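Asker: So here's target-v8.txt, just compact mmCIF, C-alpha atoms:
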# COMPACT_ATOMS: atom_id res chain seq x y z
CA MET A 1 19.31 26.59 -93.44
CA LYS A 2 15.82 27.35 -92.08
CA GLY A 3 16.67 25.53 -88.82
CA MET A 4 17.06 22.13 -90.47
CA ARG A 5 19.42 20.79 -87.81
CA VAL A 6 17.27 21.81 -84.84
CA GLN A 7 14.09 20.71 -86.64
CA SER A 8 15.48 17.20 -87.03
CA ILE A 9 16.22 17.10 -83.27
CA ILE A 10 12.72 18.37 -82.47
CA ARG A 11 11.23 15.57 -84.56
CA GLU A 12 13.33 12.99 -82.70
CA LEU A 13 12.11 14.48 -79.38
CA ARG A 14 8.49 14.15 -80.62
CA GLY A 15 7.82 17.85 -80.97
CA GLU A 16 9.70 19.13 -77.88
CA LYS A 17 10.45 22.83 -78.35
CA ILE A 18 14.08 23.97 -78.22
CA ASP A 19 15.43 27.48 -77.61
CA ILE A 20 19.03 28.17 -78.56
CA ILE A 21 20.75 31.11 -76.83
CA PRO A 22 24.35 32.36 -76.89
CA TYR A 23 26.44 31.65 -73.81
CA SER A 24 28.02 34.50 -71.82
CA GLU A 25 30.37 34.45 -68.87
CA GLU A 26 28.72 37.59 -67.54
CA THR A 27 25.81 36.64 -65.33
CA VAL A 28 23.68 39.68 -66.20
CA ALA A 29 24.04 39.21 -69.95
CA PHE A 30 23.51 35.46 -69.66
CA ALA A 31 20.28 36.02 -67.68
CA GLN A 32 18.96 38.41 -70.32
CA LYS A 33 19.61 35.84 -73.06
CA ALA A 34 18.15 33.00 -71.00
CA LEU A 35 14.83 34.83 -70.64
CA SER A 36 14.45 35.53 -74.37
CA PRO A 37 12.24 36.12 -76.27
CA ALA A 38 11.00 38.33 -73.42
CA LYS A 39 12.53 41.81 -73.50
CA VAL A 40 14.40 42.47 -70.25
CA THR A 41 14.67 46.07 -69.05
CA ARG A 42 17.42 45.51 -66.48
CA VAL A 43 19.00 42.82 -64.33
CA GLN A 44 20.33 43.43 -60.81
CA ILE A 45 22.29 41.05 -58.58
CA THR A 46 20.58 41.21 -55.18
CA ASP A 47 22.49 38.50 -53.32
CA PRO A 48 25.79 37.37 -54.88
CA GLU A 49 26.54 34.86 -52.12
CA ASN A 50 23.26 32.98 -52.56
CA HIS A 51 23.14 33.60 -56.33
CA LYS A 52 19.95 35.66 -56.51
CA LEU A 53 18.94 37.99 -59.34
CA GLU A 54 16.19 40.55 -59.77
CA VAL A 55 14.96 40.95 -63.33
CA ILE A 56 12.75 43.88 -64.38
CA VAL A 57 10.69 43.57 -67.55
CA GLU A 58 8.01 45.69 -69.20
CA ASP A 59 4.46 45.21 -67.96
CA SER A 60 3.43 43.58 -71.25
CA GLN A 61 6.41 41.19 -71.14
CA LEU A 62 5.84 39.85 -67.60
CA SER A 63 3.68 36.86 -68.52
CA LEU A 64 6.00 35.96 -71.40
CA ALA A 65 9.09 36.07 -69.18
CA ILE A 66 7.48 33.96 -66.46
CA GLY A 67 5.89 31.48 -68.87
CA LYS A 68 3.05 29.05 -68.29
CA LYS A 69 3.05 28.10 -64.60
CA GLY A 70 6.50 29.70 -64.28
CA GLN A 71 8.14 27.29 -66.72
CA ASN A 72 10.30 29.86 -68.54
CA VAL A 73 11.78 31.40 -65.41
CA ARG A 74 12.51 27.97 -63.91
CA LEU A 75 14.35 26.82 -67.02
CA ALA A 76 16.34 30.06 -67.18
CA SER A 77 17.21 29.73 -63.50
CA LYS A 78 18.51 26.18 -64.00
CA LEU A 79 20.43 27.24 -67.08
CA ILE A 80 22.39 30.08 -65.47
CA GLY A 81 22.51 28.58 -61.94
CA TRP A 82 20.95 31.63 -60.26
CA ASP A 83 17.56 32.19 -58.57
CA ILE A 84 15.59 34.70 -60.66
CA ASP A 85 12.93 37.02 -59.27
CA ILE A 86 10.98 38.65 -62.11
CA LYS A 87 9.05 41.86 -61.55
CA SER A 88 7.26 44.25 -63.86
CA GLU A 89 8.20 47.93 -63.99
CA GLU A 90 4.91 48.82 -62.27
CA GLU A 91 5.60 46.40 -59.40
CA LYS A 92 9.12 47.75 -58.98
CA ARG A 93 7.84 51.32 -58.98
CA ARG A 94 5.30 50.56 -56.23
CA GLU A 95 7.99 48.79 -54.25
CA ILE A 96 10.31 51.80 -54.43
CA GLU A 97 7.48 54.15 -53.44
CA ALA A 98 6.65 51.94 -50.44
CA GLU A 99 10.30 51.98 -49.37
CA MET A 100 10.50 55.76 -49.69
CA THR A 101 7.28 56.15 -47.70
CA ALA A 102 8.63 53.86 -45.00
CA LEU A 103 11.81 55.92 -44.78
CA THR A 104 10.03 59.27 -44.53
CA ALA A 105 7.08 58.19 -42.36
CA PRO A 106 7.58 57.81 -38.60
CA ALA A 107 7.94 54.22 -37.46
CA THR A 108 5.03 52.74 -35.50
CA PRO A 109 6.13 50.88 -32.35
CA LEU A 110 5.20 47.23 -31.97
CA THR A 111 3.37 48.03 -28.75
CA ALA A 112 0.62 49.57 -30.89
CA LEU A 113 -0.55 46.06 -31.77
CA ALA A 114 -3.58 45.10 -29.70
CA GLY A 115 -3.66 41.51 -28.50
CA VAL A 116 0.10 40.86 -28.75
CA GLY A 117 1.73 40.43 -25.35
CA PRO A 118 4.96 42.11 -24.21
CA LYS A 119 6.90 38.82 -24.18
CA THR A 120 6.09 38.22 -27.84
CA ILE A 121 7.09 41.80 -28.70
CA GLU A 122 10.42 41.29 -26.91
CA LYS A 123 11.10 38.19 -29.04
CA ILE A 124 10.29 40.08 -32.25
CA GLU A 125 12.48 43.05 -31.28
CA ALA A 126 15.32 40.67 -30.39
CA ALA A 127 15.25 39.53 -34.03
CA GLY A 128 15.81 43.12 -35.20
CA ILE A 129 12.17 44.00 -36.00
CA THR A 130 11.48 47.24 -34.18
CA SER A 131 8.52 48.76 -36.08
CA LEU A 132 5.08 47.64 -37.15
CA GLU A 133 5.90 48.49 -40.77
CA GLN A 134 8.80 46.03 -40.77
CA LEU A 135 6.60 43.39 -39.19
CA ALA A 136 3.87 43.86 -41.81
CA GLY A 137 6.37 43.29 -44.62
CA MET A 138 7.50 39.90 -43.29
CA THR A 139 6.24 36.57 -44.60
CA PRO A 140 4.88 33.84 -42.27
CA GLU A 141 8.02 31.78 -42.93
CA GLN A 142 10.24 34.66 -41.83
CA LEU A 143 8.20 35.15 -38.65
CA MET A 144 8.40 31.45 -37.77
CA GLU A 145 12.21 31.67 -37.99
CA ILE A 146 12.16 33.92 -34.92
CA PRO A 147 12.84 31.83 -31.78
CA GLY A 148 9.71 31.33 -29.70
CA ILE A 149 7.26 32.27 -32.50
CA GLY A 150 5.01 29.40 -33.59
CA GLU A 151 2.33 28.98 -36.22
CA LYS A 152 -0.52 29.99 -33.89
CA MET A 153 1.37 33.10 -32.78
CA VAL A 154 2.02 34.03 -36.44
CA ASP A 155 -1.74 33.93 -37.11
CA LYS A 156 -2.36 36.06 -34.02
CA ILE A 157 0.26 38.62 -35.14
CA TYR A 158 -1.22 38.88 -38.64
CA GLN A 159 -4.71 39.37 -37.22
CA ALA A 160 -3.41 42.18 -35.01
CA VAL A 161 -1.58 43.82 -37.96
CA ASN A 162 -4.67 43.63 -40.18
CA GLN A 163 -6.82 45.04 -37.40
CA PHE A 164 -4.38 47.93 -36.95
CA TYR A 165 -4.43 48.92 -40.63
CA GLU A 166 -8.19 48.40 -40.99
CA SER A 167 -8.85 50.70 -38.06
CA GLY A 168 -6.49 53.32 -39.52
CA ALA A 169 -3.16 54.63 -38.23
CA GLY A 170 -4.86 57.52 -36.45
CA ALA A 171 -6.96 55.14 -34.39
CA ALA A 172 -4.01 53.01 -33.35
CA PRO A 173 -3.95 52.13 -29.64
CA PRO A 174 -1.30 53.87 -27.53
CA GLU A 175 1.84 52.25 -26.27
CA GLY A 176 1.26 49.67 -23.59
CA ALA A 177 -2.30 49.02 -24.76
CA ALA A 178 -1.58 45.33 -25.06
CA GLU A 179 -0.26 45.21 -21.50
CA ALA A 180 -3.28 47.14 -20.27
CA SER A 181 -5.67 44.75 -21.99
CA GLU A 182 -3.87 41.79 -20.46
CA GLY A 183 -4.00 43.45 -17.03
CA SER A 184 -7.72 44.14 -17.39
CA ALA A 185 -8.30 40.53 -18.36
CA GLU A 186 -6.45 39.36 -15.26
CA THR A 187 -8.47 41.80 -13.17
CA GLU A 188 -11.72 40.46 -14.60
CA ILE A 189 -10.65 36.90 -13.80
CA ALA A 190 -9.72 37.90 -10.23
CA GLU A 191 -13.01 39.73 -9.75
CA ALA A 192 -14.92 36.74 -11.10
CA GLY A 193 -13.11 34.49 -8.59
CA GLU A 194 -13.92 36.86 -5.76
CA SER A 195 -17.59 37.03 -6.73
CA GLU A 196 -17.78 33.24 -6.81
CA ALA A 197 -16.17 33.03 -3.36
CA THR A 198 -18.59 35.62 -2.01
CA ALA A 199 -21.55 33.74 -3.46
CA ALA A 200 -20.30 30.52 -1.82
CA GLU A 201 -19.95 32.25 1.55
CA THR A 202 -23.43 33.73 1.39
CA ALA A 203 -24.88 30.37 0.42
CA GLU A 204 -23.45 28.56 3.50
CA PRO A 205 -25.73 30.05 6.26
CA GLU A 206 -28.92 28.78 4.57
CA PRO A 207 -28.68 25.18 5.89
CA ALA A 208 -28.01 26.54 9.43
CA ALA A 209 -31.24 28.53 9.30
CA GLU A 210 -33.15 25.37 8.41
CA GLU A 211 -31.56 23.49 11.33
CA VAL A 212 -32.68 26.21 13.76
CA GLU A 213 -36.20 26.36 12.36
CA ALA A 214 -36.67 22.59 12.20
CA PRO A 215 -36.66 21.87 15.97
CA ALA A 216 -38.81 24.95 16.67
CA ALA A 217 -42.05 23.23 15.56
CA PRO A 218 -41.72 20.09 17.75
CA ALA A 219 -40.74 22.27 20.74
CA SER A 220 -44.01 24.18 20.52
CA GLU A 221 -45.92 20.92 20.13
CA GLY A 222 -44.15 19.51 23.22
CA GLU A 223 -45.11 22.51 25.26
CA SER A 224 -48.78 22.26 24.27
CA ALA A 225 -49.00 18.49 24.99
CA PRO A 226 -48.62 18.74 28.83
CA ALA A 227 -51.24 21.45 28.90
CA GLU A 228 -53.75 19.07 27.28
CA GLU A 229 -52.80 16.29 29.79
CA LYS A 230 -53.46 18.63 32.79
CA THR A 231 -56.86 19.49 31.43
CA GLU A 232 -57.90 15.83 31.28
CA GLN A 233 -56.68 15.21 34.88
CA GLU A 234 -58.68 18.19 36.07
CA LYS A 235 -61.75 16.78 34.36
CA THR A 236 -61.25 13.40 36.09
CA ALA A 237 -60.81 15.07 39.47
CA ASP A 238 -64.03 17.08 39.00
CA GLU A 239 -65.93 13.92 38.13
CA LYS A 240 -64.70 12.16 41.30
CA THR A 241 -65.65 15.17 43.38
CA ASP A 242 -69.15 15.20 41.94
CA GLU A 243 -69.59 11.46 42.73
CA ALA A 244 -68.44 11.98 46.31
CA ASN A 245 -70.84 14.82 46.80
CA SER A 246 -73.69 12.79 45.41
Take the structure from the file and write it as structure tokens.
Answerer:
Amino acid sequence: MKGMRVQSIIRELRGEKIDIIPYSEETVAFAQKALSPAKVTRVQITDPENHKLEVIVEDSQLSLAIGKKGQNVRLASKLIGWDIDIKSEEEKRREIEAEMTALTAPATPLTALAGVGPKTIEKIEAAGITSLEQLAGMTPEQLMEIPGIGEKMVDKIYQAVNQFYESGAGAAPPEGAAEASEGSAETEIAEAGESEATAAETAEPEPAAEEVEAPAAPASEGESAPAEEKTEQEKTADEKTDEANS
């Protein structure tokens, strides 16, 4: 009567709230009851092997179903033994529209990503990701599960994806643009090395020019010195001749 039995238990638990729900052997029905008082629109089993459910609720019931800091959905998940993913009807509608758009729109090749090398693209394609749209829908954890893809490469891939969508699909670089950019970078490095080598070669003859010019000055001085000595001897001889004549 008026919840007397449960009220006595709540008092013993110092005010802890208790929700009582009917048990059901059917997983879908049990999940709906576990998430009460939130009104559940539908429940779908997405992965029976890993025990995963998708629960759709009305937009106004989403916060109630999730609870404060996700408390309600965690308790319901522990109660039924399944992982619960709660979405509002609006979120589910946008998700379906995105899937339909992806099916009807032509797939963008991974080579359209600027800054991602061909080896990285080969690793991504080996994991079954063949289009840029599939790549954009992956989480960082899923990307890091691909062999050869690390945390730094994940950041680089996300930057390239964001740059692609910010620039617009029409302005996407053509196939092989990443390889071309890498080739141009290698060409620039090679040209820089060649220019440095050329500068070093042109700088070598300068010391040789100094060595040739350095001995030129003393040679001219040496040549002028004997001329001065001859002039003094001639003066001495003239003086002796003048004395003899006198």
Asker: Let me make sure I understand: among A:Glu49, A:Ile80, A:Met4, A:Arg74, which one has the smallest atom-to-atom distance to Tyr23 (chain A) if we use all atoms listed in the file?
Answerer: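 Ranked by minimum distance to Tyr23 (chain A), first place goes to A:Ile80.
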Asker: So how far away is CA of Gly148 (chain A) from CA of Ile124 (chain A), in Å?
Answerer: 9.1 Å
Asker: So the first atom is CA of Pro48 (chain A) and the second is CA of Lys92 (chain A); what is the distance between them in Å, to one decimal place?
Answerer: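 Interatomic distance here is 20.1 Å.
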Asker: Could you tell me which of A:Val43, A:Leu35, A:Ile10, A:Ile96 comes closest to Gly70 (chain A) if we count only C-alpha atoms?
Answerer: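 For Gly70 (chain A), the nearest of the candidates is A:Leu35.
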Asker: To box region 52-59 of chain A, take all atoms listed in the file, fit an axis-aligned box, add 4 Å on each side, and give centre and edge lengths in Å to one decimal, as lines of an AutoDock Vina configuration file.
Answerer:
center_x = 12.2
center_y = 40.7
center_z = -62.9
size_x = 23.5
size_y = 18.0
size_z = 20.7
Asker: Can you pull out every residue within 7 Å of Pro109 (chain A), counting only C-alpha atoms, but drop anything in the same chain fewer than 2 positions away, and send it as a list in words?
Answerer: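 Answer for this query is Ala107, Thr111, Ala112, Thr130, Ser131 and Leu132 of chain A.
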Asker: Write the residues of the preceding selection, restricted to C-alpha atoms, as a CSV table (one decimal), in the frame of the given file.
Answerer:
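Output contents, as saved in part-v3.csv:
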chain,number,residue,atom,x,y,z
A,107,ALA,CA,7.9,54.2,-37.5
A,111,THR,CA,3.4,48.0,-28.8
A,112,ALA,CA,0.6,49.6,-30.9
A,130,THR,CA,11.5,47.2,-34.2
A,131,SER,CA,8.5,48.8,-36.1
A,132,LEU,CA,5.1,47.6,-37.2
Asker: Compare A:Gly15, A:Pro147, A:Pro37, A:Gly117 by their minimum atom-to-atom distance to Ala76 (chain A), counting all atoms listed in the file, and give me the closest one.
Answerer: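 Smallest distance to Ala76 (chain A) is found for A:Pro37.
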Asker: Would you mind completing region 11-45 of chain A to N, CA and C atoms and writing the output as a short mmCIF file (atom, residue, chain, number, x, y, z; two decimals), in the coordinates of the input?
Answerer:
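File result.cif, as written:
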data_model
loop_
_atom_site.label_atom_id
_atom_site.label_comp_id
_atom_site.auth_asym_id
_atom_site.auth_seq_id
_atom_site.Cartn_x
_atom_site.Cartn_y
_atom_site.Cartn_z
N ARG A 11 12.01 16.73 -84.11
CA ARG A 11 11.23 15.57 -84.56
C ARG A 11 11.60 14.32 -83.76
N GLU A 12 12.90 14.15 -83.48
CA GLU A 12 13.33 12.99 -82.70
C GLU A 12 12.82 13.07 -81.26
N LEU A 13 12.64 14.29 -80.74
CA LEU A 13 12.11 14.48 -79.38
C LEU A 13 10.58 14.59 -79.38
N ARG A 14 9.95 14.19 -80.51
CA ARG A 14 8.49 14.15 -80.62
C ARG A 14 7.85 15.53 -80.38
N GLY A 15 8.41 16.53 -81.01
CA GLY A 15 7.82 17.85 -80.97
C GLY A 15 8.25 18.73 -79.81
N GLU A 16 9.23 18.31 -79.00
CA GLU A 16 9.70 19.13 -77.88
C GLU A 16 10.35 20.41 -78.43
N LYS A 17 9.93 21.56 -77.88
CA LYS A 17 10.45 22.83 -78.35
C LYS A 17 11.85 23.07 -77.81
N ILE A 18 12.68 23.71 -78.61
CA ILE A 18 14.08 23.97 -78.22
C ILE A 18 14.38 25.44 -78.48
N ASP A 19 14.95 26.10 -77.47
CA ASP A 19 15.43 27.48 -77.61
C ASP A 19 16.95 27.46 -77.55
N ILE A 20 17.57 28.11 -78.50
CA ILE A 20 19.03 28.17 -78.56
C ILE A 20 19.45 29.61 -78.26
N ILE A 21 20.31 29.78 -77.24
CA ILE A 21 20.75 31.11 -76.83
C ILE A 21 22.28 31.13 -76.77
N PRO A 22 22.88 32.27 -76.98
CA PRO A 22 24.35 32.36 -76.89
C PRO A 22 24.80 32.36 -75.43
N TYR A 23 25.91 31.70 -75.17
CA TYR A 23 26.44 31.65 -73.81
C TYR A 23 27.25 32.91 -73.52
N SER A 24 27.23 33.34 -72.23
CA SER A 24 28.02 34.50 -71.82
C SER A 24 28.54 34.24 -70.41
N GLU A 25 29.79 34.60 -70.20
CA GLU A 25 30.37 34.45 -68.87
C GLU A 25 29.83 35.49 -67.89
N GLU A 26 29.31 36.58 -68.40
CA GLU A 26 28.72 37.59 -67.54
C GLU A 26 27.31 37.15 -67.14
N THR A 27 27.08 37.14 -65.84
CA THR A 27 25.81 36.64 -65.33
C THR A 27 24.63 37.47 -65.80
N VAL A 28 24.78 38.80 -65.81
CA VAL A 28 23.68 39.68 -66.20
C VAL A 28 23.31 39.46 -67.66
N ALA A 29 24.30 39.41 -68.53
CA ALA A 29 24.04 39.21 -69.95
C ALA A 29 23.47 37.82 -70.21
N PHE A 30 24.00 36.83 -69.50
CA PHE A 30 23.51 35.46 -69.66
C PHE A 30 22.05 35.34 -69.22
N ALA A 31 21.67 36.05 -68.15
CA ALA A 31 20.28 36.02 -67.68
C ALA A 31 19.34 36.67 -68.70
N GLN A 32 19.78 37.75 -69.30
CA GLN A 32 18.96 38.41 -70.32
C GLN A 32 18.72 37.48 -71.51
N LYS A 33 19.75 36.77 -71.93
CA LYS A 33 19.61 35.84 -73.06
C LYS A 33 18.76 34.63 -72.68
N ALA A 34 18.89 34.19 -71.43
CA ALA A 34 18.15 33.00 -71.00
C ALA A 34 16.65 33.24 -70.95
N LEU A 35 16.26 34.50 -70.73
CA LEU A 35 14.83 34.83 -70.64
C LEU A 35 14.23 35.25 -71.98
N SER A 36 15.00 35.19 -73.06
CA SER A 36 14.45 35.53 -74.37
C SER A 36 13.38 34.49 -74.76
N PRO A 37 12.36 34.88 -75.47
CA PRO A 37 12.24 36.12 -76.27
C PRO A 37 11.69 37.32 -75.50
N ALA A 38 11.49 37.19 -74.19
CA ALA A 38 11.00 38.33 -73.42
C ALA A 38 12.07 39.43 -73.39
N LYS A 39 11.61 40.68 -73.51
CA LYS A 39 12.53 41.81 -73.50
C LYS A 39 12.77 42.24 -72.05
N VAL A 40 14.01 42.15 -71.63
CA VAL A 40 14.40 42.47 -70.25
C VAL A 40 14.85 43.93 -70.17
N THR A 41 14.28 44.68 -69.22
CA THR A 41 14.67 46.07 -69.05
C THR A 41 16.01 46.19 -68.34
N ARG A 42 16.15 45.50 -67.21
CA ARG A 42 17.42 45.51 -66.48
C ARG A 42 17.49 44.29 -65.56
N VAL A 43 18.72 43.94 -65.22
CA VAL A 43 19.00 42.82 -64.33
C VAL A 43 19.90 43.32 -63.22
N GLN A 44 19.55 42.98 -61.97
CA GLN A 44 20.33 43.43 -60.81
C GLN A 44 20.64 42.23 -59.92
N ILE A 45 21.88 42.12 -59.51
CA ILE A 45 22.29 41.05 -58.58
C ILE A 45 21.95 41.50 -57.16
#
